[in-house]
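Take a look at the structure set out below.
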Amino acid sequence: MTDTLLEVTGEDTTGTTMFIYYDNDGVYTLLGSASNTTAADTAATGASGPPLFSYAALVDLPSSVGSDLSNIVVLDQSGSVVQTQVGSSPLNGQYTVTVVSVGGTGATGATGSTGATGATGATGSTGSTGATGSTGSTG
């Protein structure tokens with residue numbers, strides 16, 4: 001089985017961090033978290049930036065955990081506010097879950113060419129002079 005890559009987007013004014021879980025019959029697996037944009041973020045990015053109090057995260061849903069997207073749950077940082085999953089255009093307290101398509105793995109690249117032959121090493125130094133021979137026997 002293959003894992004699923006998901007994009008979770010939403011809007012929430014109660015907290016700054018959102019926690020994304022998979023609920024498998026009461027067994028919660030943390031998939032990731034996201035920070036909300038703040039008024040300061042929105043002032044810095046202007047009209048071309050993300051909406052105020054919005055969040056987005058890419059999370060991996062392991063096949064060993066589950067596959068039912070309706071079991072994705074988002075909680076605010078206090079853990080007291082459960083967000084509501086909607087099909088599109090989330091408002092305050094709502095979020096969407098979208099499967100992200102991932103293309104197949106590309107072909108393996110060609111093998112590189114062989115490197116150049118290394119330079120010949122330097123000639124070794126001359127060996128030490130041998131020991132003097134023993135004196136011959138008397139005739």
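Identifiers in this document derive from the order of the structure tokens: chains are assigned A, B, ..., residues are numbered from 1 separately in each chain, and ligands are numbered from 1 in order of occurrence.
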Legend entry - Shell of 8 Å around range 90-106 of chain A, only C-alpha atoms, local chain residues under 5 positions omitted, as a PyMOL selection string: chain A and resi 4-13+69+72+74+82-85
So that I can check the surroundings of Gly26 in chain A, please list as a compact mmCIF listing (two decimals) with N, CA and C atoms, in the first residue's frame every protein, DNA and RNA residue that reaches within 12 Å of it, counting only C-alpha atoms and ignoring chain neighbours fewer than 3 positions away.
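Below is the file part.txt, written as the result:
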# COMPACT_ATOMS: atom_id res chain seq x y z
N TYR A 21 -4.71 15.55 12.80
CA TYR A 21 -4.69 14.16 13.24
C TYR A 21 -5.47 13.27 12.29
N TYR A 22 -5.21 11.97 12.39
CA TYR A 22 -6.06 10.97 11.78
C TYR A 22 -6.74 10.23 12.92
N ASP A 23 -8.09 10.18 12.90
CA ASP A 23 -8.87 9.52 13.95
C ASP A 23 -9.27 8.13 13.47
N THR A 29 -3.63 9.77 15.50
CA THR A 29 -2.24 9.81 15.03
C THR A 29 -1.97 11.22 14.54
N ASN A 71 -11.73 11.02 8.12
CA ASN A 71 -11.19 10.82 9.46
C ASN A 71 -10.06 11.78 9.81
N ILE A 72 -9.77 12.72 8.91
CA ILE A 72 -8.79 13.76 9.22
C ILE A 72 -9.47 14.76 10.16
N VAL A 73 -8.80 15.07 11.27
CA VAL A 73 -9.36 15.97 12.29
C VAL A 73 -8.36 17.08 12.54
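Going from CA of Ala57 in chain A over to CA of Gly32 in chain A, you cover 7.5 Å.
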Inset, instruction - Identify all residues of range 71-124 of chain A in strand (DSSP E) (DSSP on the backbone) and supply them as number ranges by chain. - result: A: 72-76, 84-85, 94-99
The selected residues should be written to file as a PDB file, in the first residue's frame (atoms: N, CA, C and O atoms).
ATOM      1  N   ILE A  72      -9.774  12.717   8.914  1.00  0.00           N
ATOM      2  CA  ILE A  72      -8.790  13.758   9.220  1.00  0.00           C
ATOM      3  C   ILE A  72      -9.470  14.755  10.159  1.00  0.00           C
ATOM      4  O   ILE A  72     -10.581  15.220   9.904  1.00  0.00           O
ATOM      5  N   VAL A  73      -8.805  15.072  11.272  1.00  0.00           N
ATOM      6  CA  VAL A  73      -9.363  15.966  12.286  1.00  0.00           C
ATOM      7  C   VAL A  73      -8.356  17.079  12.543  1.00  0.00           C
ATOM      8  O   VAL A  73      -7.154  16.829  12.637  1.00  0.00           O
ATOM      9  N   VAL A  74      -8.860  18.321  12.669  1.00  0.00           N
ATOM     10  CA  VAL A  74      -7.996  19.457  12.965  1.00  0.00           C
ATOM     11  C   VAL A  74      -8.462  20.083  14.278  1.00  0.00           C
ATOM     12  O   VAL A  74      -9.642  20.369  14.464  1.00  0.00           O
ATOM     13  N   LEU A  75      -7.504  20.268  15.208  1.00  0.00           N
ATOM     14  CA  LEU A  75      -7.780  20.907  16.494  1.00  0.00           C
ATOM     15  C   LEU A  75      -6.944  22.168  16.618  1.00  0.00           C
ATOM     16  O   LEU A  75      -5.822  22.224  16.107  1.00  0.00           O
ATOM     17  N   ASP A  76      -7.484  23.161  17.351  1.00  0.00           N
ATOM     18  CA  ASP A  76      -6.678  24.349  17.614  1.00  0.00           C
ATOM     19  C   ASP A  76      -5.683  24.034  18.724  1.00  0.00           C
ATOM     20  O   ASP A  76      -5.674  22.948  19.292  1.00  0.00           O
ATOM     21  N   THR A  84     -14.355  22.039  11.529  1.00  0.00           N
ATOM     22  CA  THR A  84     -15.337  21.327  10.704  1.00  0.00           C
ATOM     23  C   THR A  84     -14.790  21.155   9.299  1.00  0.00           C
ATOM     24  O   THR A  84     -14.389  22.134   8.663  1.00  0.00           O
ATOM     25  N   GLN A  85     -14.788  19.903   8.805  1.00  0.00           N
ATOM     26  CA  GLN A  85     -14.303  19.651   7.450  1.00  0.00           C
ATOM     27  C   GLN A  85     -15.382  20.038   6.446  1.00  0.00           C
ATOM     28  O   GLN A  85     -16.550  19.676   6.602  1.00  0.00           O
ATOM     29  N   GLN A  94     -13.229  26.129   9.903  1.00  0.00           N
ATOM     30  CA  GLN A  94     -13.423  25.088   8.896  1.00  0.00           C
ATOM     31  C   GLN A  94     -12.105  24.773   8.188  1.00  0.00           C
ATOM     32  O   GLN A  94     -11.191  25.597   8.175  1.00  0.00           O
ATOM     33  N   TYR A  95     -12.045  23.586   7.579  1.00  0.00           N
ATOM     34  CA  TYR A  95     -10.860  23.197   6.826  1.00  0.00           C
ATOM     35  C   TYR A  95     -11.251  22.271   5.675  1.00  0.00           C
ATOM     36  O   TYR A  95     -12.342  21.701   5.664  1.00  0.00           O
ATOM     37  N   THR A  96     -10.347  22.157   4.707  1.00  0.00           N
ATOM     38  CA  THR A  96     -10.518  21.228   3.587  1.00  0.00           C
ATOM     39  C   THR A  96      -9.338  20.259   3.568  1.00  0.00           C
ATOM     40  O   THR A  96      -8.252  20.568   4.061  1.00  0.00           O
ATOM     41  N   VAL A  97      -9.583  19.102   2.979  1.00  0.00           N
ATOM     42  CA  VAL A  97      -8.530  18.099   2.796  1.00  0.00           C
ATOM     43  C   VAL A  97      -8.512  17.747   1.317  1.00  0.00           C
ATOM     44  O   VAL A  97      -9.538  17.373   0.753  1.00  0.00           O
ATOM     45  N   THR A  98      -7.350  17.881   0.684  1.00  0.00           N
ATOM     46  CA  THR A  98      -7.207  17.606  -0.737  1.00  0.00           C
ATOM     47  C   THR A  98      -6.049  16.644  -0.956  1.00  0.00           C
ATOM     48  O   THR A  98      -4.966  16.844  -0.383  1.00  0.00           O
ATOM     49  N   VAL A  99      -6.270  15.624  -1.759  1.00  0.00           N
ATOM     50  CA  VAL A  99      -5.184  14.705  -2.115  1.00  0.00           C
ATOM     51  C   VAL A  99      -4.283  15.408  -3.124  1.00  0.00           C
ATOM     52  O   VAL A  99      -4.760  15.992  -4.094  1.00  0.00           O
TER      53      VAL A  99
END
Inset, instruction - Measure the distance from CA of Met18 in chain A to CA of Leu30 in chain A in Å and round it to one decimal. - result: 11.1 Å
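In this comparison, which uses only C-alpha atoms, the residue of A:Ser88, A:Ser64, A:Gln77, A:Ala119 approaching Asn36 in chain A most closely is A:Gln77.
Distances to Asp60 in chain A were evaluated for A:Thr16, A:Ser33, A:Thr129, A:Thr45 using only C-alpha atoms, and the minimum falls at A:Ser33.
Distances to Ile20 in chain A were evaluated for A:Gly118, A:Pro51, A:Gly79, A:Gly139 using only C-alpha atoms, and the minimum falls at A:Gly79.
Coordinates place CA of Asp25 in chain A at a distance of 21.1 Å from CA of Thr2 in chain A.
Of all the residues in chain A, the ones DSSP labels as helix (DSSP H, G or I) from the backbone are A:Ala39, A:Ala40, A:Asp41, A:Thr42, A:Ala43, A:Ala44, A:Thr45, A:Gly46, A:Ala47, A:Ser48, A:Leu69, A:Ser70, A:Asn71.
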